[in-house]
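Below: one structure, written as structure tokens.
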Amino acid sequence: MSPNETKLELRTRAIGPWPVNTYVLICPATRQSVLIDPGAEPETLLEMVADNDPISLLLTHTHPDHVGALNEMRARLNVPVMAHPGPHFEGMTLDADRWLHHGDIVRVGEHTLRVYHTPGHTPDMLCFALEGDHRVIVGDTIFEGGPGKTWSAEDFRTTLQTLRNVILSWPDDMVCYPGHGPSFRLGDRRAAIEAFLRKDHGDFFGDATWDM
């Protein structure tokens with residue numbers, strides 16, 4: 001196989017009314033796959049895994065637009081659910097099969113994903129980096145134009161810590177695949193993020209942009 005043929009295949013579809021990006025990662029050798037953020041449209045999600053062998057459902061976080069079809073997909077695929085232990089959105093009860101923590105590994109056939117805990121937008125936010133690769137599924141942690149929305153000054157301060165301690169530790173060639181909108185190369189936004197972190201934002205929270 002060529003180098004590209006040995007890497008995890010990444011499929012994405014924008015689903016639901018918001019819309020949200022759902023991702024499928026497929027091992028080309030074994031055809032095992034994981035489905036990330038089953039937000040809506042179960043029939044569309046089933047099409048994404050029709051020619052592969054899903055082995056788990058992964059959640060970046062528990063906002064409704066990212067988990068709207070979780071129960072139905074769990075029943076139809078009969079695979080385990082993996083997520084952060086929380087707290088979860090509005091105290092929801094999530095009966096996961098495996099709780100994921102910062103630094104954990106998730107296997108996908110012959111490949112692995114590295115788990116990063118990236119709180120701020122939510123306390124249970126996770127990112128999934130493709131090991132030996134330059135791609136990472138970031139959920140609503142970070143977007144091309146700014147960080148994920150926060151609902152308190154404390155959450156925003158947590159976001160700033162996540163940006164400093166986790167996101168900026170990744171290499172410039174890391175391509176981020178967010179929960180909404182297009183993917184982007186981290187190095188293309190690094191200077192803007194660093195400038196954002198140098199500013200005094202006071203008690204701000206809400207929707208932020210790198211140039212604010």
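To be explicit about the labels: the chains of the structure tokens are called A, B, and onward in the order shown, and within each one the residues are counted from 1, while ligands get numbers from 1 in the order they are shown.
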Go through range 15-115 of chain A and collect every residue that DSSP, computed from the backbone, puts in strand (DSSP E); the answer should be as JSON, numbers by chain. {"A": [15, 20, 21, 22, 23, 24, 25, 26, 32, 33, 34, 35, 36, 53, 54, 55, 56, 57, 58, 81, 82, 83, 98, 99, 105, 106, 107, 108, 111, 112, 113, 114, 115]}
Could you produce a table of the residues of range 82-163 of chain A lying within 7 Å of range 47-65 of chain A, with the nearest pair of atoms per residue and their separation in Å rounded to one decimal, using only C-alpha atoms, ordered by chain and increasing residue number, as JSON lines?
```
{"residue": "A:Met82", "atom": "CA", "partner": "A:Leu58", "partner_atom": "CA", "distance": 5.0}
{"residue": "A:Ala83", "atom": "CA", "partner": "A:Leu59", "partner_atom": "CA", "distance": 5.2}
{"residue": "A:His88", "atom": "CA", "partner": "A:Thr62", "partner_atom": "CA", "distance": 6.0}
{"residue": "A:Phe89", "atom": "CA", "partner": "A:Thr62", "partner_atom": "CA", "distance": 5.6}
{"residue": "A:Asp124", "atom": "CA", "partner": "A:His61", "partner_atom": "CA", "distance": 5.6}
{"residue": "A:Met125", "atom": "CA", "partner": "A:His61", "partner_atom": "CA", "distance": 4.8}
{"residue": "A:Leu126", "atom": "CA", "partner": "A:Thr60", "partner_atom": "CA", "distance": 4.7}
{"residue": "A:Cys127", "atom": "CA", "partner": "A:Thr60", "partner_atom": "CA", "distance": 6.2}
{"residue": "A:Gly139", "atom": "CA", "partner": "A:Thr60", "partner_atom": "CA", "distance": 5.4}
```
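With only C-alpha atoms as the atoms that count, the residue of A:Pro178, A:Gly146, A:Gly86, A:Gly202 with the shortest distance to Tyr23 in chain A is A:Pro178.
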Pick from A:Ile167, A:Ile193, A:Val24, A:Leu130: nearest to Glu110 in chain A, with only C-alpha atoms counted? A:Leu130
Taking the chain letters and numbering used in this document, name the residues of chain A that DSSP puts in helix (DSSP H, G or I), as a ChimeraX atom specification. /A:3-6,42-48,64-67,70-77,89-91,153-165,167-169,186-198
Quick one: which range 122-206 of chain A residues come within 12 Å of range 15-21 of chain A, and what is the nearest atom pair for each with the distance in Å to one decimal, counting only C-alpha atoms, rows ordered by chain and ascending number, as a tab-separated table?
```
residue	atom	partner	partner_atom	distance
A:Ile137	CA	A:Asn21	CA	10.0
A:Val138	CA	A:Asn21	CA	10.6
A:Gly139	CA	A:Asn21	CA	8.4
A:Asp140	CA	A:Val20	CA	9.8
A:Tyr177	CA	A:Asn21	CA	8.6
A:Pro178	CA	A:Asn21	CA	7.2
A:Gly179	CA	A:Asn21	CA	4.9
A:His180	CA	A:Val20	CA	5.2
A:Gly181	CA	A:Asn21	CA	7.5
A:Pro182	CA	A:Asn21	CA	9.1
A:Ser183	CA	A:Asn21	CA	10.3
```
Write out the residues from the selection above, keeping C-alpha atoms, as a PDB file, in the first residue's frame.
```pdb
ATOM      1  CA  ILE A 137     -10.955  15.667  15.578  1.00  0.00           C
ATOM      2  CA  VAL A 138     -11.472  18.676  17.867  1.00  0.00           C
ATOM      3  CA  GLY A 139     -15.249  18.863  18.382  1.00  0.00           C
ATOM      4  CA  ASP A 140     -16.204  22.362  19.526  1.00  0.00           C
ATOM      5  CA  TYR A 177     -11.476  18.882  12.129  1.00  0.00           C
ATOM      6  CA  PRO A 178     -14.096  20.763  14.175  1.00  0.00           C
ATOM      7  CA  GLY A 179     -17.690  20.019  15.087  1.00  0.00           C
ATOM      8  CA  HIS A 180     -18.951  22.742  12.749  1.00  0.00           C
ATOM      9  CA  GLY A 181     -17.478  24.328   9.642  1.00  0.00           C
ATOM     10  CA  PRO A 182     -14.313  23.563   7.661  1.00  0.00           C
ATOM     11  CA  SER A 183     -11.067  21.955   8.750  1.00  0.00           C
TER      12      SER A 183
END
```
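Comparing the minimum interatomic distances between Leu94 in chain A and each of A:Ile142, A:Leu70, A:Ser169, A:Arg31, counting only C-alpha atoms, we find that A:Leu70 sits nearest.
Atom to atom, CA of Asp37 in chain A and CA of His66 in chain A stand 5.0 Å apart.
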Env of Leu163 in chain A: 12 Å cut, atoms = only C-alpha atoms, seq-sep filter 6 positions within chain, self excluded. Answer as a ChimeraX atom specification. /A:116-121,138,141-143,146-148,156-157,169-170,186,189-190,192-198,210
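For the choices A:Phe184, A:Phe128, A:Phe205, A:Trp99, the atom-to-atom distance to Thr158 in chain A is smallest for A:Phe205 when using only C-alpha atoms.
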My list of candidates is A:Arg13, A:Ala191, A:Gly109, A:Met73. Which is closest to Pro42 in chain A when distances are computed with only C-alpha atoms? A:Met73
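Atom pair CA of Gly145 in chain A / CA of Cys176 in chain A has a distance of 12.2 Å (rounded to one decimal).
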Which value, in Å to one decimal, gives the distance between CA of Gly206 in chain A and CA of Trp151 in chain A? 5.7 Å
Taking only C-alpha atoms into account, which of A:His134, A:His111, A:Thr30, A:Asp207 comes nearest Asp172 in chain A? A:His134
